[in-house]
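Inspection log for the structure reproduced underneath, given as structure tokens.
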Amino acid sequence: MGEWKLRILHISDLHERGPHEGESFRRRRVLGSEWERNLEALLKDGPIDLVCFTGDVANWGKPEEYGPATEFIDALLGKLALPRERLFLVPGNHDIDRSQGKTAWSKLRGKKGLLFQVEPLQLSRWMAGGKPPLGLEKVKREVLLSRQGAYRDWVATTLGRKELVPSEKAPHPLLGYRQTLRLPGHPFDIHVVGLDSAWLAGDDNDSGKLLLTTDQVGRLTTDKGEPLSGFRLALIHHPLADLADRGDCQRMLAASVDLLLRGHLHEEEVETWEDPDRTSRQLAAGCLYEGHHADQWPNACHVIEARLDEAGRPIRYELRFRSWSKRGHWHDDNSLYKGTENGRLTWWLGPRPIPPVSMPTGSFVGRTRELEELKAALLPAERRPVLICAVHGMPGVGKSYLAEHFAELHRENFPGGCARLVLNPSTLPSVEALLGELGEQLGLPAGGKVAERCRERLLRPLSLLLVENIDSREAAGVAGRLVAALPGCPVLVTGRFQGFGNEGGWTRIEVETFDEKTALHLLEQEFRPPADERERKAYGRLVSALGRLPLALHLAVGYLRAGHSVESFLSKLRESHFELEPVSPVDPLLMKDRARAIIRRTFELSMELLRRQLGKSDKAERLLAGLAALGEAPLSGFGRGLGAAIAGLSETEFGDLVSSASLLSLLSRVPRAERTDDAWRVHPLLAELLRESPESAAGLARMTEWFIEKLQKKPEQTQGERWKEIHRESSALVDWLPRVTEENRVRVERAGSWFAILNGPFRLWMDYCERALSTSVAPEERSNLLWTLANVARRSGALDRALSAAQEMRTLAQGLRAERESALAAGVCADILQARGELDEALRIRREEELPVYERLGEVRELLVCRTNLALLYLRRSQPRDREMAASLLRMAQTAAESLRLPEADQIVAIQRQWDLEGGSSDGTLD
């Protein structure tokens, strides 16, 4: 399947003043020769296909302002070698001439305006050419729209783009436009929809009082209600949060537009909006020239390289951000998002590709029958109603290796990649926690309906799920429930437990030991071909002695590579009283578990050799004890820092250990395709054998201390690096957290509460808190656990559980007369009610239960956060005087934040800007 590129230069907010420009030198400094150099830098990535300008061409909507704007546009298009037909624009609030149509505008937006007294549907139909609503009979639409007269005349006459101005024959006669074009070599149409959000703008308090109208959206973004084929690009000036009809318009746009470009806030932003049924992707451009701060503002633009499939459906967007430095040049901007490098960021559209399954070290031989059975069970995946395959067999037979090899061989059949869940049989996570881990691997945002969203992602694009280590009845039960939550998804489950896979529709594949020929082939591949006939016979005795088990042969090769002969290895087996062949079919060794016994003896020989190589010293004893402790290490793997901590070694000593143990195949390196840092893992069966050593138990305790030290929020100077280490060990966190012992659960919660709330995995931390709460803990400790549970449950989308936990915490705190904790719990309750749309009750809680407590206690930061969240509630409720209340609360919060130099000051300013109180961009609650 090929990809097609569409490169778009997105610019906004020029604020051209024409003859009223008082500081021409500043504008020239930003948009003169340095701007040309900026365009040259962008063109080095390839030609631009479209230029999209999302409003505020002028500053006051006056005719004389558009002359210099024409010069700027023509120079821009000339530099890009594009005709005017590749330019698309929409008006902004600064393209409105407020001196025109005042009476008509006042009828809707004045102090006695009817905007919120008339049903939005009536206004929408009226602006589409229908009858005026009651009370607006005398308002002429053409007079109302005359305030855009200079802009529309400039577009239609000066630029010659009449098609970008509404007309009677257009889908919408009065607002917006839709243009369809096809680029050379592209097999699909590109639809550019210009949406007019500015027609009702007119003062400095526009936010929440603008209308897009459902008729404008529906008529322009669909073909009489049917979806447009190809790529659907829409332009708008204002953020949707500024619209009085934002709810309906947001949902309609999410269903019918692939990418929405906007301006207005003077800040770059990549935004995804989602509800259970649809997703909207929006990209805001910064301003070309900020009118007040001029050349001291980080003016900005960006290029979007849309990667599209043969139907025009977007696969991803490659973004390049450019910003103006007040030192006098444009530059690549890495400051917006963590993953940005050289100003470039890849925006994956939901299904971020899963890293490829990396092949384990060693050689893959044989298994032709098993591979064919897997192929028959899982391919072609699109046409099979049941796609679950259970691969089981005795220990060390190579089940996981087989599954990973199959995934590698058939990666083209699973374009979405291969996800992998490794269960730790000693402490099994819940199905919900596994789904949460799977969602993180798949790059899904936190939220509710995790199983549904994981299933949808696994199916589109089709992906394979590997579930490993089903080694017990309990593990089989978890795997069965996990698979039942993902109906129709291709799943390959491996394990030793013989009873799984009997469910209806599952394909069962038994993996047996190698035959002699294949076992000899593996030995030759991993070690070397025999030197002579005598050695060939010795090879035959060796593979027979090791039961033709791949894992045992792999361990033996590590022994042989250390310089020992096959005969010496066999001699060591005899010395350990290990019979090479059972004396009879009922030999206890054969009956008990010959495969495990073979691997145990081979493992013991490898350990004995390691002891001899390390010698007798205090350091050698530490290294051997450290290796035993790695039996408690996460089966998914561990990096150098975590591994050294578990082993109780310095990182230098740990390096010595892994060097020696890896040569003997006791440890294996995690491939770079899976982890880019140095990381290792222990085979699950070898981990079981290591855990038999008395030194092993210390490993889990050390791992707990490592995580506690890294999880803590303070000291803040090192928090970033410590949390980065945890992110590198995210799979280890999933393995460790369910294994935390009861006596450490409260310590871990106190250390990790903020990390859990901010980073997750939320379902895993929910399970953790529930386990801790099921035991006997002191009231204060229970309050802390409930706080963390309420917040992680809220982040995971489990709002009912979040609310009940917050309510229990509030009741507990009131009984303890802990005012601050009671107020914190009340705030969480308000957050949840706000998310549910129960604004009045959320307002009551913040006003009566939260705000007075912080005022009385003098909790400055909590007080300013509470005032900010209360202001946001007022703004969203939008009843009379709510706006004034919100403005007052934000002023108080801003003053407090600035006086203490808190980072929340910038967030508050952004909120004020978004709602046109004093300028910015934020629509969430402060934490």
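Residue numbers start at 1 in each chain; chains themselves are named A, B, ... in the order of the structure tokens; ligands are numbered from 1 in the order shown.
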
Checklist line | range 416-419 of chain A surroundings by only C-alpha atoms, 12 Å radius, close-in-sequence under 2 positions cut, as a count of residues only | finding: 53

Item checked: Who sits within 12 Å of Leu80 in chain A, only C-alpha atoms, same chain under 2 positions skipped, as a ChimeraX atom specification -> /A:7-9,36-44,46-51,73-78,82-84,86-87

Item checked: Nearest to Trp199 in chain A by atom-to-atom distance, counting only C-alpha atoms, from A:Ser280, A:Thr221, A:Gln216, A:Thr788 -> A:Gln216

Next item on the list: Find, counting only C-alpha atoms, the residue in A:Leu758, A:Leu108, A:Ile304, A:Leu121 that gets nearest to Thr346 in chain A.
Entry: A:Ile304

Next item on the list: Apply DSSP to the backbone of this structure and, from range 271-489 of chain A, keep only the residues in strand (DSSP E); write these as an MDAnalysis selection string.
Entry: chainID A and resid 271:275 278:284 300:308 314:325 329:332 344:348 388:393 418:422 464:468

Checklist line | Who sits within 12 Å of range 365-375 of chain A, only C-alpha atoms, same chain under 3 positions skipped, as a ChimeraX atom specification | finding: /A:362,378-381,384,387-393,397-399,401-410,413,490-493,506-526,550

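With distances restricted to only C-alpha atoms, A:Ser207 is the closest residue to Asp916 in chain A from A:Ser544, A:Ser426, A:Ser776, A:Ser207.
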
Next item on the list: If you run DSSP over the backbone, which residues in range 195-398 of chain A end up helix (DSSP H, G or I)? Put them as JSON, numbers by chain.
Entry: {"A": [214, 215, 216, 217, 218, 219, 220, 221, 240, 241, 242, 246, 247, 248, 249, 250, 251, 252, 253, 254, 255, 256, 368, 369, 370, 371, 372, 373, 374, 375, 376, 377, 378, 381, 382, 383]}

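With CA of Arg251 in chain A on one side and CA of Ile236 in chain A on the other, the separation reads 15.3 Å.
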
Margin query: List as a PyMOL selection string the protein and nucleic acid residues near Lys619 in chain A, meaning an atom at most 12 Å away when only C-alpha atoms are counted, but skip any in the same chain fewer than 3 places from it.
Written below: chain A and resi 611+614-616+622-626+648-650+652-654+656-657

Just N, CA, C and O atoms for this one: save the residues we selected as an mmCIF file, in the first residue's frame.
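File produced: out-v1.cif:
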```cif
data_model
loop_
_atom_site.group_PDB
_atom_site.id
_atom_site.type_symbol
_atom_site.label_atom_id
_atom_site.label_comp_id
_atom_site.auth_asym_id
_atom_site.auth_seq_id
_atom_site.Cartn_x
_atom_site.Cartn_y
_atom_site.Cartn_z
ATOM 1 N N ARG A 611 30.724 -20.070 38.337
ATOM 2 C CA ARG A 611 31.454 -19.955 39.601
ATOM 3 C C ARG A 611 32.951 -20.121 39.392
ATOM 4 O O ARG A 611 33.763 -19.393 39.978
ATOM 5 N N LEU A 614 34.412 -17.007 37.696
ATOM 6 C CA LEU A 614 34.492 -15.832 38.560
ATOM 7 C C LEU A 614 35.552 -15.993 39.646
ATOM 8 O O LEU A 614 36.077 -15.002 40.162
ATOM 9 N N GLY A 615 35.851 -17.240 40.004
ATOM 10 C CA GLY A 615 36.851 -17.480 41.030
ATOM 11 C C GLY A 615 36.298 -17.309 42.427
ATOM 12 O O GLY A 615 35.092 -17.134 42.642
ATOM 13 N N LYS A 616 37.199 -17.366 43.407
ATOM 14 C CA LYS A 616 36.807 -17.231 44.798
ATOM 15 C C LYS A 616 37.239 -15.865 45.316
ATOM 16 O O LYS A 616 38.422 -15.588 45.465
ATOM 17 N N ARG A 622 29.380 -11.759 45.516
ATOM 18 C CA ARG A 622 28.353 -10.727 45.277
ATOM 19 C C ARG A 622 27.708 -10.917 43.899
ATOM 20 O O ARG A 622 26.491 -10.761 43.741
ATOM 21 N N LEU A 623 28.534 -11.225 42.889
ATOM 22 C CA LEU A 623 27.992 -11.403 41.542
ATOM 23 C C LEU A 623 27.061 -12.603 41.477
ATOM 24 O O LEU A 623 25.987 -12.547 40.851
ATOM 25 N N LEU A 624 27.426 -13.713 42.106
ATOM 26 C CA LEU A 624 26.583 -14.906 42.085
ATOM 27 C C LEU A 624 25.276 -14.663 42.843
ATOM 28 O O LEU A 624 24.199 -15.085 42.394
ATOM 29 N N ALA A 625 25.364 -13.972 43.972
ATOM 30 C CA ALA A 625 24.142 -13.626 44.711
ATOM 31 C C ALA A 625 23.277 -12.672 43.899
ATOM 32 O O ALA A 625 22.042 -12.762 43.908
ATOM 33 N N GLY A 626 23.930 -11.767 43.178
ATOM 34 C CA GLY A 626 23.185 -10.836 42.328
ATOM 35 C C GLY A 626 22.453 -11.548 41.219
ATOM 36 O O GLY A 626 21.301 -11.214 40.890
ATOM 37 N N GLY A 648 21.715 -5.891 43.625
ATOM 38 C CA GLY A 648 22.457 -5.358 44.754
ATOM 39 C C GLY A 648 23.900 -5.058 44.415
ATOM 40 O O GLY A 648 24.802 -5.191 45.259
ATOM 41 N N LEU A 649 24.143 -4.649 43.168
ATOM 42 C CA LEU A 649 25.498 -4.408 42.684
ATOM 43 C C LEU A 649 25.638 -2.974 42.195
ATOM 44 O O LEU A 649 24.638 -2.320 41.868
ATOM 45 N N SER A 650 26.873 -2.511 42.104
ATOM 46 C CA SER A 650 27.110 -1.259 41.400
ATOM 47 C C SER A 650 26.902 -1.516 39.905
ATOM 48 O O SER A 650 26.917 -2.676 39.450
ATOM 49 N N THR A 652 28.910 -0.942 37.559
ATOM 50 C CA THR A 652 30.130 -1.535 36.999
ATOM 51 C C THR A 652 30.155 -3.039 37.261
ATOM 52 O O THR A 652 30.439 -3.841 36.359
ATOM 53 N N GLU A 653 29.848 -3.441 38.504
ATOM 54 C CA GLU A 653 29.804 -4.867 38.819
ATOM 55 C C GLU A 653 28.701 -5.570 38.041
ATOM 56 O O GLU A 653 28.869 -6.710 37.589
ATOM 57 N N PHE A 654 27.567 -4.885 37.889
ATOM 58 C CA PHE A 654 26.480 -5.485 37.125
ATOM 59 C C PHE A 654 26.912 -5.731 35.678
ATOM 60 O O PHE A 654 26.577 -6.753 35.079
ATOM 61 N N ASP A 656 29.899 -6.462 34.712
ATOM 62 C CA ASP A 656 30.730 -7.669 34.738
ATOM 63 C C ASP A 656 29.856 -8.923 34.797
ATOM 64 O O ASP A 656 30.150 -9.930 34.136
ATOM 65 N N LEU A 657 28.788 -8.858 35.590
ATOM 66 C CA LEU A 657 27.909 -10.017 35.719
ATOM 67 C C LEU A 657 27.225 -10.364 34.407
ATOM 68 O O LEU A 657 27.236 -11.523 33.973
#
```

Between range 590-680 of chain A and range 551-560 of chain A, at 6 Å or less, what are the per-residue closest atom pairs and their distances in Å? Count only C-alpha atoms, order by chain and rising residue number, and return it as a tab-separated table.
```
residue	atom	partner	partner_atom	distance
A:Ile599	CA	A:Ala552	CA	5.2
A:Leu663	CA	A:Gly558	CA	5.8
A:Leu664	CA	A:Gly558	CA	3.9
A:Ser665	CA	A:Gly558	CA	5.4
```

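Each of A:Ala790, A:Ala104, A:His20, A:Asp840 was compared to Arg763 in chain A using only C-alpha atoms, and A:Ala790 turns out to be the nearest.
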
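Between CA of Phe527 in chain A and CA of Arg594 in chain A the separation is 24.2 Å.
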
Margin query: What does the structure give for the distance between CA of His186 in chain A and CA of Arg307 in chain A, in Å to one decimal?
Written below: 11.7 Å

Find the residues near Tyr289 in chain A: any atom within 7 Å, counting only C-alpha atoms, skip ones fewer than 5 places away on the same chain, and give them as a short mmCIF file (atom, residue, chain, number, x, y, z; two decimals) with N, CA, C and O atoms, in the first residue's frame.
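Result file is part16.cif:
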```
data_model
loop_
_atom_site.label_atom_id
_atom_site.label_comp_id
_atom_site.auth_asym_id
_atom_site.auth_seq_id
_atom_site.Cartn_x
_atom_site.Cartn_y
_atom_site.Cartn_z
N ASP A 13 -3.18 35.02 11.38
CA ASP A 13 -3.08 36.23 12.20
C ASP A 13 -1.94 37.15 11.77
O ASP A 13 -0.96 37.36 12.50
N LEU A 14 -2.08 37.74 10.58
CA LEU A 14 -1.11 38.71 10.06
C LEU A 14 -1.30 40.08 10.70
O LEU A 14 -0.35 40.83 10.90
N HIS A 15 -2.58 40.44 10.97
CA HIS A 15 -2.90 41.73 11.61
C HIS A 15 -2.31 42.91 10.83
O HIS A 15 -1.70 43.81 11.42
N ALA A 294 4.53 42.55 18.82
CA ALA A 294 5.34 42.76 17.61
C ALA A 294 6.50 41.77 17.50
O ALA A 294 6.31 40.57 17.57
N ASN A 299 6.36 34.78 17.29
CA ASN A 299 5.52 34.56 16.13
C ASN A 299 5.86 33.21 15.51
O ASN A 299 6.99 32.73 15.62
#
```

Checklist line | Spatial neighbours of Thr214 in chain A, max dist 9 Å, only C-alpha atoms, sep filter under 3 positions, as a PyMOL selection string | finding: chain A and resi 120-121+124-125+211+217-219+245+248-249+252

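Residues in contact with range 308-314 of chain A at 7 Å, where only C-alpha atoms are counted and same-chain residues fewer than 6 positions away are skipped, are listed as A:Gly2, A:Glu3, A:Trp4, A:Lys5, A:Pro187, A:Phe188, A:Gly230, A:Phe231.
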
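Minimum atom-to-atom distances from A:Phe321, A:Gly135, A:Leu873, A:Ala813 to Glu838 in chain A were compared using only C-alpha atoms, and the lowest value belongs to A:Leu873.
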
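Distance check against Arg141 in chain A using only C-alpha atoms: of A:Arg481, A:Lys107, A:Lys724, A:Arg344, the minimum falls on A:Lys107.
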